[in-house]
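Data file: structure39.txt. Format and content: compact mmCIF, N, CA and C atoms and all ligand atoms.
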```
# COMPACT_ATOMS: atom_id res chain seq x y z
N MET A 84 -110.04 -15.92 24.05
CA MET A 84 -110.79 -15.80 22.79
C MET A 84 -110.56 -14.43 22.15
N GLY A 85 -110.48 -13.41 22.98
CA GLY A 85 -110.26 -12.06 22.49
C GLY A 85 -108.90 -11.93 21.83
N LYS A 86 -107.95 -12.70 22.34
CA LYS A 86 -106.61 -12.67 21.78
C LYS A 86 -106.60 -13.24 20.36
N LEU A 87 -107.36 -14.30 20.13
CA LEU A 87 -107.45 -14.92 18.80
C LEU A 87 -108.04 -13.93 17.79
N LEU A 88 -109.11 -13.25 18.21
CA LEU A 88 -109.75 -12.26 17.34
C LEU A 88 -108.76 -11.16 16.96
N PHE A 89 -107.96 -10.76 17.96
CA PHE A 89 -106.96 -9.72 17.73
C PHE A 89 -105.97 -10.16 16.64
N TRP A 90 -105.51 -11.40 16.74
CA TRP A 90 -104.54 -11.90 15.76
C TRP A 90 -105.15 -12.02 14.36
N ILE A 91 -106.41 -12.45 14.30
CA ILE A 91 -107.08 -12.55 13.00
C ILE A 91 -107.17 -11.17 12.34
N LEU A 92 -107.56 -10.18 13.13
CA LEU A 92 -107.67 -8.82 12.60
C LEU A 92 -106.29 -8.31 12.16
N LEU A 93 -105.27 -8.64 12.95
CA LEU A 93 -103.92 -8.18 12.63
C LEU A 93 -103.45 -8.79 11.30
N ILE A 94 -103.73 -10.09 11.11
CA ILE A 94 -103.32 -10.76 9.87
C ILE A 94 -104.09 -10.19 8.67
N LEU A 95 -105.39 -9.93 8.86
CA LEU A 95 -106.20 -9.36 7.78
C LEU A 95 -105.66 -7.97 7.39
N ALA A 96 -105.30 -7.19 8.40
CA ALA A 96 -104.77 -5.85 8.14
C ALA A 96 -103.44 -5.94 7.39
N ALA A 97 -102.59 -6.88 7.79
CA ALA A 97 -101.29 -7.06 7.14
C ALA A 97 -101.48 -7.48 5.68
N LEU A 98 -102.44 -8.38 5.44
CA LEU A 98 -102.71 -8.83 4.07
C LEU A 98 -103.20 -7.67 3.21
N THR A 99 -104.07 -6.83 3.76
CA THR A 99 -104.59 -5.69 3.02
C THR A 99 -103.47 -4.73 2.65
N VAL A 100 -102.60 -4.45 3.62
CA VAL A 100 -101.47 -3.54 3.37
C VAL A 100 -100.56 -4.12 2.31
N ALA A 101 -100.29 -5.42 2.38
CA ALA A 101 -99.40 -6.08 1.40
C ALA A 101 -100.00 -6.01 0.01
N ARG A 102 -101.34 -6.19 -0.07
CA ARG A 102 -101.99 -6.16 -1.38
C ARG A 102 -101.90 -4.76 -1.99
N ILE A 103 -102.15 -3.73 -1.17
CA ILE A 103 -102.08 -2.35 -1.67
C ILE A 103 -100.66 -2.01 -2.11
N ALA A 104 -99.68 -2.42 -1.32
CA ALA A 104 -98.29 -2.15 -1.65
C ALA A 104 -97.89 -2.85 -2.95
N GLY A 105 -98.36 -4.08 -3.12
CA GLY A 105 -98.06 -4.83 -4.33
C GLY A 105 -98.67 -4.19 -5.56
N ARG A 106 -99.89 -3.66 -5.41
CA ARG A 106 -100.55 -3.02 -6.55
C ARG A 106 -99.83 -1.73 -6.90
N MET A 107 -99.39 -0.98 -5.89
CA MET A 107 -98.67 0.27 -6.15
C MET A 107 -97.35 -0.01 -6.87
N ALA A 108 -96.66 -1.06 -6.46
CA ALA A 108 -95.38 -1.42 -7.11
C ALA A 108 -95.62 -1.82 -8.55
N ALA A 109 -96.70 -2.58 -8.80
CA ALA A 109 -97.01 -3.01 -10.17
C ALA A 109 -97.35 -1.81 -11.04
N ASN A 110 -98.10 -0.86 -10.50
CA ASN A 110 -98.46 0.34 -11.26
C ASN A 110 -97.21 1.15 -11.60
N ARG A 111 -96.28 1.22 -10.63
CA ARG A 111 -95.07 1.99 -10.85
C ARG A 111 -94.24 1.37 -11.97
N GLN A 112 -94.21 0.04 -12.04
CA GLN A 112 -93.42 -0.63 -13.08
C GLN A 112 -94.10 -0.52 -14.45
N ALA A 113 -95.43 -0.58 -14.47
CA ALA A 113 -96.15 -0.57 -15.74
C ALA A 113 -96.12 0.81 -16.39
N ALA A 114 -96.32 1.86 -15.61
CA ALA A 114 -96.36 3.22 -16.15
C ALA A 114 -95.52 4.14 -15.29
N PRO A 115 -94.22 4.24 -15.57
CA PRO A 115 -93.35 5.06 -14.73
C PRO A 115 -93.57 6.56 -14.92
N ARG A 116 -93.99 6.99 -16.09
CA ARG A 116 -94.14 8.43 -16.32
C ARG A 116 -95.49 8.80 -16.90
N GLY A 117 -96.48 7.95 -16.73
CA GLY A 117 -97.79 8.27 -17.28
C GLY A 117 -97.92 7.80 -18.71
N PRO A 118 -99.13 7.78 -19.24
CA PRO A 118 -99.36 7.22 -20.58
C PRO A 118 -98.86 8.12 -21.71
N SER A 119 -98.79 9.43 -21.50
CA SER A 119 -98.45 10.33 -22.60
C SER A 119 -97.02 10.85 -22.52
N ALA A 120 -96.22 10.33 -21.61
CA ALA A 120 -94.85 10.83 -21.46
C ALA A 120 -94.01 10.48 -22.68
N ARG A 121 -94.14 9.22 -23.14
CA ARG A 121 -93.34 8.80 -24.29
C ARG A 121 -94.28 8.24 -25.36
N PRO A 122 -94.49 8.96 -26.45
CA PRO A 122 -95.41 8.48 -27.48
C PRO A 122 -94.84 7.31 -28.28
N ALA A 123 -93.52 7.18 -28.37
CA ALA A 123 -92.93 6.11 -29.17
C ALA A 123 -92.07 5.20 -28.28
N PRO A 124 -92.66 4.17 -27.69
CA PRO A 124 -91.87 3.29 -26.82
C PRO A 124 -91.11 2.23 -27.59
N GLY A 125 -91.03 2.34 -28.90
CA GLY A 125 -90.37 1.33 -29.72
C GLY A 125 -88.85 1.36 -29.59
N ARG A 126 -88.31 2.50 -29.15
CA ARG A 126 -86.85 2.60 -29.03
C ARG A 126 -86.47 3.00 -27.62
N PRO A 127 -86.56 2.09 -26.66
CA PRO A 127 -86.20 2.45 -25.29
C PRO A 127 -84.71 2.62 -25.10
N ALA A 128 -83.89 2.06 -26.00
CA ALA A 128 -82.44 2.13 -25.84
C ALA A 128 -81.86 3.38 -26.48
N ALA A 129 -82.71 4.23 -27.06
CA ALA A 129 -82.21 5.41 -27.77
C ALA A 129 -81.47 6.35 -26.83
N ALA A 130 -81.89 6.42 -25.58
CA ALA A 130 -81.28 7.35 -24.65
C ALA A 130 -79.86 6.93 -24.30
N THR A 131 -79.60 5.63 -24.30
CA THR A 131 -78.27 5.15 -23.92
C THR A 131 -77.42 4.80 -25.14
N GLU A 132 -78.01 4.91 -26.34
CA GLU A 132 -77.28 4.55 -27.54
C GLU A 132 -76.18 5.56 -27.84
N THR A 133 -75.11 5.08 -28.42
CA THR A 133 -73.99 5.94 -28.76
C THR A 133 -74.40 6.89 -29.89
N MET A 134 -74.09 8.16 -29.71
CA MET A 134 -74.40 9.14 -30.73
C MET A 134 -73.16 9.37 -31.58
N VAL A 135 -73.37 9.43 -32.88
CA VAL A 135 -72.25 9.69 -33.79
C VAL A 135 -72.56 10.96 -34.58
N ARG A 136 -71.53 11.49 -35.24
CA ARG A 136 -71.67 12.77 -35.92
C ARG A 136 -71.48 12.57 -37.42
N CYS A 137 -72.34 13.17 -38.19
CA CYS A 137 -72.20 13.11 -39.64
C CYS A 137 -70.97 13.94 -40.03
N ALA A 138 -70.08 13.32 -40.82
CA ALA A 138 -68.83 14.01 -41.19
C ALA A 138 -69.08 15.13 -42.19
N HIS A 139 -70.26 15.16 -42.80
CA HIS A 139 -70.54 16.21 -43.78
C HIS A 139 -71.24 17.42 -43.15
N CYS A 140 -72.38 17.17 -42.50
CA CYS A 140 -73.17 18.30 -41.98
C CYS A 140 -73.04 18.46 -40.46
N GLY A 141 -72.43 17.50 -39.80
CA GLY A 141 -72.19 17.64 -38.37
C GLY A 141 -73.38 17.31 -37.49
N ILE A 142 -74.43 16.77 -38.08
CA ILE A 142 -75.62 16.44 -37.28
C ILE A 142 -75.33 15.19 -36.45
N HIS A 143 -75.89 15.15 -35.24
CA HIS A 143 -75.71 13.98 -34.36
C HIS A 143 -76.89 13.04 -34.52
N LEU A 144 -76.59 11.74 -34.62
CA LEU A 144 -77.64 10.75 -34.77
C LEU A 144 -77.21 9.45 -34.11
N PRO A 145 -78.19 8.60 -33.74
CA PRO A 145 -77.84 7.31 -33.12
C PRO A 145 -76.99 6.46 -34.06
N ARG A 146 -76.08 5.72 -33.46
CA ARG A 146 -75.16 4.89 -34.25
C ARG A 146 -75.91 3.91 -35.15
N SER A 147 -77.03 3.38 -34.68
CA SER A 147 -77.76 2.39 -35.47
C SER A 147 -78.39 3.01 -36.71
N GLU A 148 -78.59 4.35 -36.70
CA GLU A 148 -79.20 5.01 -37.86
C GLU A 148 -78.14 5.62 -38.77
N ALA A 149 -76.90 5.63 -38.32
CA ALA A 149 -75.84 6.26 -39.10
C ALA A 149 -75.32 5.32 -40.17
N LEU A 150 -74.72 5.91 -41.19
CA LEU A 150 -74.14 5.15 -42.29
C LEU A 150 -72.63 5.14 -42.08
N LEU A 151 -72.05 3.95 -42.04
CA LEU A 151 -70.60 3.83 -41.86
C LEU A 151 -69.94 3.59 -43.21
N GLN A 152 -69.09 4.53 -43.60
CA GLN A 152 -68.43 4.41 -44.91
C GLN A 152 -67.10 5.12 -44.85
N GLY A 153 -66.05 4.45 -45.30
CA GLY A 153 -64.72 5.06 -45.34
C GLY A 153 -64.21 5.45 -43.97
N GLY A 154 -64.61 4.69 -42.94
CA GLY A 154 -64.13 4.97 -41.59
C GLY A 154 -64.78 6.18 -40.95
N GLN A 155 -65.81 6.72 -41.60
CA GLN A 155 -66.52 7.86 -41.03
C GLN A 155 -68.01 7.60 -41.00
N THR A 156 -68.72 8.39 -40.22
CA THR A 156 -70.16 8.20 -40.09
C THR A 156 -70.89 9.32 -40.82
N TRP A 157 -72.02 8.94 -41.42
CA TRP A 157 -72.80 9.88 -42.21
C TRP A 157 -74.27 9.75 -41.85
N CYS A 158 -75.01 10.83 -42.03
CA CYS A 158 -76.43 10.79 -41.68
C CYS A 158 -77.25 10.20 -42.82
N SER A 159 -76.72 10.24 -44.04
CA SER A 159 -77.45 9.70 -45.19
C SER A 159 -76.47 9.29 -46.28
N ALA A 160 -76.98 8.51 -47.24
CA ALA A 160 -76.14 8.07 -48.35
C ALA A 160 -75.68 9.27 -49.19
N GLU A 161 -76.54 10.28 -49.25
CA GLU A 161 -76.21 11.49 -50.01
C GLU A 161 -74.98 12.18 -49.41
N HIS A 162 -74.93 12.29 -48.10
CA HIS A 162 -73.79 12.95 -47.45
C HIS A 162 -72.54 12.08 -47.52
N ALA A 163 -72.72 10.74 -47.53
CA ALA A 163 -71.57 9.86 -47.69
C ALA A 163 -70.95 10.04 -49.07
N ARG A 164 -71.81 10.28 -50.06
CA ARG A 164 -71.35 10.49 -51.43
C ARG A 164 -70.65 11.85 -51.55
N LEU A 165 -71.19 12.87 -50.90
CA LEU A 165 -70.61 14.22 -50.98
C LEU A 165 -69.29 14.28 -50.22
N GLY A 166 -69.14 13.47 -49.16
CA GLY A 166 -67.91 13.47 -48.39
C GLY A 166 -67.83 14.63 -47.40
N ALA A 167 -66.73 14.69 -46.70
CA ALA A 167 -66.54 15.76 -45.70
C ALA A 167 -66.34 17.10 -46.42
N PRO A 168 -66.88 18.16 -45.89
CA PRO A 168 -66.75 19.47 -46.55
C PRO A 168 -65.30 19.97 -46.49
N ARG A 169 -64.86 20.60 -47.55
CA ARG A 169 -63.50 21.14 -47.58
C ARG A 169 -63.45 22.46 -46.84
N ARG A 170 -62.34 22.68 -46.14
CA ARG A 170 -62.22 23.92 -45.40
C ARG A 170 -61.16 24.82 -46.01
ZN ZN A 201 -75.19 14.80 -42.91
```

Let me see the file written as structure tokens.
Amino acid sequence: MGKLLFWILLILAALTVARIAGRMAANRQAAPRGPSARPAPGRPAAATETMVRCAHCGIHLPRSEALLQGGQTWCSAEHARLGAPRR
């Protein structure tokens, strides 16, 4: 009878440990860096997005925000109109 009690306690302990581990894993997935680490989670791909350079002012910006015109990239329509600076 004592052996049965031992197994019941062992299973209960294992279940408790599994539940705590599962909750910790869920918390890690939900908030990897805390609530205030990234204020704008709307663009998670920004870090891996290709950066392009404005041919006029040389500023770097994500490809999705850049303007493609005449085979070159620009940061704005104004810089696309002005063109590359003459040297
Ligand atoms: Zn520019």

Residues within 6.5 Å of ligand ZN 201 (chain A), counting only N, CA and C atoms and all ligand atoms, as a list in words: Cys137, Ala138, His139, Cys140, Gly141, Ile142, Trp157, Cys158, Ser159 and His162 of chain A

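A straight line drawn from atom CA of Ala163 of chain A to atom CA of Pro145 of chain A is 16.1 Å long.
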
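Note that atom CA of Ala167 of chain A and atom CA of Gln155 of chain A are 9.2 Å apart.
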
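Relative to atom CA of Arg106 of chain A, atom CA of Phe89 of chain A is found at 26.0 Å.
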